[in-house]
Amino acid sequence: MIRTERLTLRPWRAEDAEDLAAINCDAETMRFFAAVMDREGSDGHLARMMAHQDEHGFGMWAAERDGHAIGIVGLQHVPAHRAPEPPPLVEIGWRFHRAHWRQGYAFEGATAAVDYARDVLRLPSIVALTARINAPSRALMQKLGMTHDEAADFDHPSVPVDSPLHRHVVYRLRFT
Ligand SMILES: CC(C)(COP(=O)(O)OP(=O)(O)OC[C@H]1O[C@@H](n2cnc3c(N)ncnc32)[C@H](O)[C@@H]1OP(=O)(O)O)[C@@H](O)C(=O)NCCC(=O)NCCS
């Protein structure tokens with residue numbers, strides 16, 4: 001468990017399913033993803049995040065505030081189907097409930113995740129991946145000190161070629 005000024009970052013639990021669905025099933029929040037999730041898809045996402053935490057001892061965490069999970073922020077091994085390069089490759093990621101945007105929560109949580117990657121996991125580097133047109137997320141990557149590695153940009157295999165979300169960018173943060 002990690003405490004920041006306003007958030008508790010902790011592993012997801014089964015009882016968070018409703019809070020997570022409020023994030024994952026919102027079309028505006030998911031506009032840079034191939035599809036908005038339905039409740040079943042969100043529950044599957046919850047199970048995958050819990051399984052990653054169990055297997056690796058870290059993961060995409062629940063960002064809790066006032067007893068509710070208001071966002072996802074953390075670290076995970078990039079799933080093989082969308083990895084721009086061979087493993088091991090750990091990505092930082094984030095997604096917050098729309099009601100809490102632009103209040104500094106994602107930066108606060110992501111800063112703690114960067115510290116964890118560097119000081120606890122002692123990784124040599126992390127990446128962040130997103131659709132090329134995801135300007136808010138790219139701005140957050142830059143604010144965290146990450147650098148766009150243009151040579152590593154890739155086409156997402158599960159997004160249609162004619163979709164504006166097809167092209168993905170890779171940002172990197174090196175610790176060594
Ligand atoms: C991206 C996201 C997590 C940002 O969350 P947030 O809590 O609003 O972000 P913060 O308030 O901490 O802002 C941190 C920085 O992100 C960038 N940013 C956030 N929202 C932005 C926006 N709408 N437009 C441009 N930049 C934005 C800015 O650089 C900002 O720093 P600043 O406030 O000094 O300008 C949120 O918009 C979100 O959940 N989006 C949908 C999910 C998503 O796309 N996730 C990423 C997939 S890879």
# chains A, B, ... in the order shown; residues from 1 in each chain; ligands from 1
>>> residues_around(residues="stretch 131-141 of chain A", least_positions_apart="3", cutoff="12 Å", atoms="only C-alpha atoms", output="number ranges by chain")
A: 29-34, 82, 91-96, 101-102, 104-111, 114, 126-128, 144-150, 153-156, 159, 163-173
>>> write_last_selection(atoms="C-alpha atoms", output="tab-separated table (two decimals), in the first residue's frame")
chain	number	residue	atom	x	y	z
A	29	THR	CA	-13.22	8.08	-20.36
A	30	MET	CA	-12.71	5.29	-22.89
A	31	ARG	CA	-12.61	7.44	-26.02
A	32	PHE	CA	-8.94	6.61	-26.66
A	33	PHE	CA	-9.49	2.86	-26.33
A	34	ALA	CA	-10.81	0.52	-29.00
A	82	ARG	CA	0.59	-5.24	-27.75
A	91	GLU	CA	4.53	0.06	-18.41
A	92	ILE	CA	3.03	2.77	-16.24
A	93	GLY	CA	-0.65	3.48	-16.80
A	94	TRP	CA	-3.60	5.49	-15.53
A	95	ARG	CA	-7.34	5.99	-15.90
A	96	PHE	CA	-9.44	8.13	-13.55
A	101	TRP	CA	-10.13	14.92	-13.81
A	102	ARG	CA	-7.84	17.97	-13.81
A	104	GLY	CA	-3.78	16.55	-10.15
A	105	TYR	CA	-4.74	13.02	-9.08
A	106	ALA	CA	-3.21	11.20	-12.04
A	107	PHE	CA	0.07	13.07	-11.68
A	108	GLU	CA	0.11	12.46	-7.93
A	109	GLY	CA	-0.53	8.73	-8.31
A	110	ALA	CA	1.78	8.31	-11.30
A	111	THR	CA	4.63	10.06	-9.49
A	114	VAL	CA	7.48	6.05	-10.90
A	126	ILE	CA	9.65	1.96	-17.75
A	127	VAL	CA	7.51	2.77	-20.77
A	128	ALA	CA	4.10	4.33	-21.30
A	144	LEU	CA	6.51	12.90	-15.55
A	145	GLY	CA	9.79	13.45	-17.42
A	146	MET	CA	9.22	10.68	-19.98
A	147	THR	CA	10.65	10.98	-23.49
A	148	HIS	CA	8.91	10.05	-26.74
A	149	ASP	CA	10.84	7.17	-28.34
A	150	GLU	CA	9.58	7.65	-31.89
A	153	ASP	CA	6.03	3.66	-32.08
A	154	PHE	CA	3.81	0.85	-33.34
A	155	ASP	CA	0.43	-0.05	-34.82
A	156	HIS	CA	-1.92	-1.58	-32.24
A	159	VAL	CA	-7.35	-1.68	-33.43
A	163	SER	CA	-9.09	3.93	-36.88
A	164	PRO	CA	-7.42	7.13	-35.60
A	165	LEU	CA	-6.48	4.99	-32.56
A	166	HIS	CA	-4.44	2.53	-34.62
A	167	ARG	CA	-1.06	4.27	-34.30
A	168	HIS	CA	0.46	4.09	-30.81
A	169	VAL	CA	3.31	6.05	-29.29
A	170	VAL	CA	5.96	4.86	-26.84
A	171	TYR	CA	7.35	7.07	-24.08
A	172	ARG	CA	10.27	5.96	-21.96
A	173	LEU	CA	11.79	6.89	-18.63
>>> residues_around(residues="A:Cys25", least_positions_apart="6", cutoff="10 Å", atoms="only C-alpha atoms", output="list in words")
Ala35, Val36, Met37, Asp38, Arg39, Glu40, Gly41 and Ser42 of chain A
>>> atom_distance(atom1="atom CA of A:Leu9", atom2="atom CA of A:Ala27")
24.5 Å
>>> closest_residue(among="A:Leu123, A:Leu75, A:Ala99, A:Ala14", to="A:Glu28", atoms="only C-alpha atoms")
A:Ala99
>>> select_by_dssp(residues="chain A", states="alpha helix (DSSP H)", output="PyMOL selection string")
chain A and resi 17-24+39-56+105-119+135-143
>>> write_last_selection(atoms="N, CA and C atoms", output="CSV table (one decimal), in the first residue's frame")
chain,number,residue,atom,x,y,z
A,17,ALA,N,-15.6,-3.7,-7.7
A,17,ALA,CA,-16.2,-3.9,-9.0
A,17,ALA,C,-17.0,-2.8,-9.5
A,18,GLU,N,-17.9,-2.3,-8.6
A,18,GLU,CA,-18.8,-1.2,-9.0
A,18,GLU,C,-18.0,0.1,-9.3
A,19,ASP,N,-17.1,0.4,-8.4
A,19,ASP,CA,-16.3,1.7,-8.6
A,19,ASP,C,-15.5,1.5,-9.9
A,20,LEU,N,-15.0,0.4,-10.2
A,20,LEU,CA,-14.2,0.2,-11.4
A,20,LEU,C,-15.1,0.3,-12.7
A,21,ALA,N,-16.3,-0.3,-12.6
A,21,ALA,CA,-17.2,-0.2,-13.7
A,21,ALA,C,-17.6,1.3,-14.0
A,22,ALA,N,-17.7,2.1,-13.0
A,22,ALA,CA,-18.0,3.5,-13.2
A,22,ALA,C,-17.0,4.2,-14.0
A,23,ILE,N,-15.8,3.7,-14.0
A,23,ILE,CA,-14.7,4.3,-14.8
A,23,ILE,C,-14.6,3.6,-16.2
A,24,ASN,N,-14.7,2.3,-16.2
A,24,ASN,CA,-14.5,1.5,-17.4
A,24,ASN,C,-15.7,1.5,-18.4
A,39,ARG,N,-20.2,-4.2,-18.3
A,39,ARG,CA,-19.9,-4.6,-16.9
A,39,ARG,C,-19.1,-5.9,-16.9
A,40,GLU,N,-19.4,-6.8,-17.8
A,40,GLU,CA,-18.7,-8.1,-17.8
A,40,GLU,C,-17.2,-7.8,-18.2
A,41,GLY,N,-17.0,-7.0,-19.1
A,41,GLY,CA,-15.6,-6.6,-19.5
A,41,GLY,C,-14.8,-6.0,-18.4
A,42,SER,N,-15.5,-5.1,-17.6
A,42,SER,CA,-14.9,-4.4,-16.5
A,42,SER,C,-14.5,-5.4,-15.4
A,43,ASP,N,-15.4,-6.4,-15.2
A,43,ASP,CA,-15.2,-7.4,-14.2
A,43,ASP,C,-14.0,-8.3,-14.6
A,44,GLY,N,-13.9,-8.5,-15.9
A,44,GLY,CA,-12.7,-9.3,-16.4
A,44,GLY,C,-11.4,-8.5,-16.2
A,45,HIS,N,-11.5,-7.2,-16.4
A,45,HIS,CA,-10.3,-6.3,-16.2
A,45,HIS,C,-9.9,-6.4,-14.8
A,46,LEU,N,-10.9,-6.3,-13.9
A,46,LEU,CA,-10.6,-6.4,-12.4
A,46,LEU,C,-9.9,-7.7,-12.1
A,47,ALA,N,-10.4,-8.8,-12.6
A,47,ALA,CA,-9.7,-10.1,-12.4
A,47,ALA,C,-8.3,-10.1,-12.9
A,48,ARG,N,-8.1,-9.5,-14.1
A,48,ARG,CA,-6.7,-9.5,-14.6
A,48,ARG,C,-5.8,-8.7,-13.8
A,49,MET,N,-6.2,-7.5,-13.3
A,49,MET,CA,-5.4,-6.7,-12.5
A,49,MET,C,-5.0,-7.4,-11.2
A,50,MET,N,-6.0,-8.1,-10.6
A,50,MET,CA,-5.8,-8.9,-9.3
A,50,MET,C,-4.8,-10.0,-9.6
A,51,ALA,N,-4.9,-10.7,-10.7
A,51,ALA,CA,-4.0,-11.8,-11.0
A,51,ALA,C,-2.6,-11.3,-11.3
A,52,HIS,N,-2.5,-10.1,-11.9
A,52,HIS,CA,-1.1,-9.6,-12.1
A,52,HIS,C,-0.4,-9.3,-10.8
A,53,GLN,N,-1.2,-8.7,-9.9
A,53,GLN,CA,-0.7,-8.3,-8.5
A,53,GLN,C,-0.3,-9.6,-7.8
A,54,ASP,N,-1.1,-10.7,-7.9
A,54,ASP,CA,-0.8,-11.9,-7.2
A,54,ASP,C,0.5,-12.5,-7.8
A,55,GLU,N,0.6,-12.5,-9.1
A,55,GLU,CA,1.7,-13.2,-9.8
A,55,GLU,C,3.1,-12.4,-9.6
A,56,HIS,N,3.0,-11.1,-9.7
A,56,HIS,CA,4.2,-10.3,-9.7
A,56,HIS,C,4.5,-9.4,-8.5
A,105,TYR,N,-4.8,14.4,-9.6
A,105,TYR,CA,-4.7,13.0,-9.1
A,105,TYR,C,-3.9,12.1,-9.9
A,106,ALA,N,-4.0,12.1,-11.2
A,106,ALA,CA,-3.2,11.2,-12.0
A,106,ALA,C,-1.7,11.5,-11.9
A,107,PHE,N,-1.3,12.7,-11.9
A,107,PHE,CA,0.1,13.1,-11.7
A,107,PHE,C,0.6,12.6,-10.3
A,108,GLU,N,-0.3,12.9,-9.3
A,108,GLU,CA,0.1,12.5,-7.9
A,108,GLU,C,0.3,10.9,-7.8
A,109,GLY,N,-0.6,10.2,-8.4
A,109,GLY,CA,-0.5,8.7,-8.3
A,109,GLY,C,0.6,8.2,-9.2
A,110,ALA,N,0.7,8.8,-10.4
A,110,ALA,CA,1.8,8.3,-11.3
A,110,ALA,C,3.2,8.6,-10.8
A,111,THR,N,3.3,9.7,-10.1
A,111,THR,CA,4.6,10.1,-9.5
A,111,THR,C,5.0,9.0,-8.5
A,112,ALA,N,4.0,8.5,-7.7
A,112,ALA,CA,4.3,7.5,-6.7
A,112,ALA,C,4.7,6.2,-7.4
A,113,ALA,N,4.0,5.9,-8.5
A,113,ALA,CA,4.3,4.7,-9.3
A,113,ALA,C,5.7,4.7,-9.9
A,114,VAL,N,6.1,5.9,-10.4
A,114,VAL,CA,7.5,6.1,-10.9
A,114,VAL,C,8.5,5.8,-9.8
A,115,ASP,N,8.2,6.4,-8.6
A,115,ASP,CA,9.2,6.2,-7.5
A,115,ASP,C,9.3,4.7,-7.1
A,116,TYR,N,8.1,4.0,-7.2
A,116,TYR,CA,8.1,2.6,-6.9
A,116,TYR,C,8.9,1.7,-7.9
A,117,ALA,N,8.7,2.1,-9.2
A,117,ALA,CA,9.4,1.4,-10.2
A,117,ALA,C,10.9,1.5,-10.0
A,118,ARG,N,11.4,2.7,-9.7
A,118,ARG,CA,12.8,3.0,-9.6
A,118,ARG,C,13.4,2.5,-8.2
A,119,ASP,N,12.7,2.8,-7.1
A,119,ASP,CA,13.3,2.5,-5.8
A,119,ASP,C,13.0,1.2,-5.2
A,135,ALA,N,-3.9,13.2,-26.4
A,135,ALA,CA,-3.1,14.3,-26.0
A,135,ALA,C,-3.0,14.5,-24.5
A,136,PRO,N,-4.1,14.3,-23.7
A,136,PRO,CA,-4.0,14.4,-22.3
A,136,PRO,C,-2.9,13.4,-21.7
A,137,SER,N,-3.0,12.2,-22.1
A,137,SER,CA,-2.1,11.2,-21.6
A,137,SER,C,-0.7,11.5,-22.0
A,138,ARG,N,-0.5,11.9,-23.2
A,138,ARG,CA,0.9,12.2,-23.7
A,138,ARG,C,1.5,13.4,-22.9
A,139,ALA,N,0.6,14.4,-22.6
A,139,ALA,CA,1.0,15.5,-21.8
A,139,ALA,C,1.5,15.1,-20.4
A,140,LEU,N,0.7,14.1,-19.8
A,140,LEU,CA,1.1,13.6,-18.5
A,140,LEU,C,2.4,12.8,-18.6
A,141,MET,N,2.6,12.1,-19.6
A,141,MET,CA,3.9,11.4,-19.8
A,141,MET,C,5.1,12.4,-19.8
A,142,GLN,N,4.9,13.5,-20.5
A,142,GLN,CA,5.9,14.5,-20.5
A,142,GLN,C,6.1,15.2,-19.2
A,143,LYS,N,5.0,15.4,-18.5
A,143,LYS,CA,5.1,16.1,-17.2
A,143,LYS,C,5.9,15.2,-16.2
>>> atom_distance(atom1="atom 4 (C, counted along the ligand's line) of ligand 1", atom2="atom CA of A:Val161")
26.0 Å
>>> closest_residue(among="A:Ile2, A:Val73, A:Val120, A:Ala151", to="A:Trp61", atoms="only C-alpha atoms")
A:Val73
>>> closest_residue(among="A:His81, A:Pro160, A:Ile72, A:Thr8", to="ligand 1", atoms="only C-alpha atoms and all ligand atoms")
A:Ile72
>>> select_by_dssp(residues="stretch 73-161 of chain A", states="strand (DSSP E)", output="PyMOL selection string")
chain A and resi 73-77+90-96+125-131+147-148+154-155
>>> write_last_selection(atoms="C-alpha atoms", output="PDB file, in the first residue's frame")
ATOM      1  CA  VAL A  73      -2.742   3.911 -11.626  1.00  0.00           C
ATOM      2  CA  GLY A  74       0.280   1.650 -11.442  1.00  0.00           C
ATOM      3  CA  LEU A  75       2.657  -0.638 -13.251  1.00  0.00           C
ATOM      4  CA  GLN A  76       2.299  -3.840 -15.237  1.00  0.00           C
ATOM      5  CA  HIS A  77       4.175  -6.064 -17.621  1.00  0.00           C
ATOM      6  CA  VAL A  90       6.979  -2.711 -17.635  1.00  0.00           C
ATOM      7  CA  GLU A  91       4.526   0.062 -18.411  1.00  0.00           C
ATOM      8  CA  ILE A  92       3.031   2.765 -16.244  1.00  0.00           C
ATOM      9  CA  GLY A  93      -0.647   3.483 -16.801  1.00  0.00           C
ATOM     10  CA  TRP A  94      -3.600   5.487 -15.527  1.00  0.00           C
ATOM     11  CA  ARG A  95      -7.335   5.994 -15.896  1.00  0.00           C
ATOM     12  CA  PHE A  96      -9.438   8.129 -13.547  1.00  0.00           C
ATOM     13  CA  SER A 125      13.402   1.846 -17.216  1.00  0.00           C
ATOM     14  CA  ILE A 126       9.645   1.956 -17.750  1.00  0.00           C
ATOM     15  CA  VAL A 127       7.509   2.770 -20.771  1.00  0.00           C
ATOM     16  CA  ALA A 128       4.100   4.325 -21.302  1.00  0.00           C
ATOM     17  CA  LEU A 129       1.983   3.473 -24.328  1.00  0.00           C
ATOM     18  CA  THR A 130      -1.038   5.240 -25.727  1.00  0.00           C
ATOM     19  CA  ALA A 131      -2.877   6.098 -28.923  1.00  0.00           C
ATOM     20  CA  THR A 147      10.650  10.981 -23.492  1.00  0.00           C
ATOM     21  CA  HIS A 148       8.912  10.052 -26.741  1.00  0.00           C
ATOM     22  CA  PHE A 154       3.809   0.847 -33.339  1.00  0.00           C
ATOM     23  CA  ASP A 155       0.428  -0.048 -34.818  1.00  0.00           C
TER      24      ASP A 155
END
>>> atom_distance(atom1="atom CA of A:Ala80", atom2="atom 22 (C, counted along the ligand's line) of ligand 1")
28.9 Å
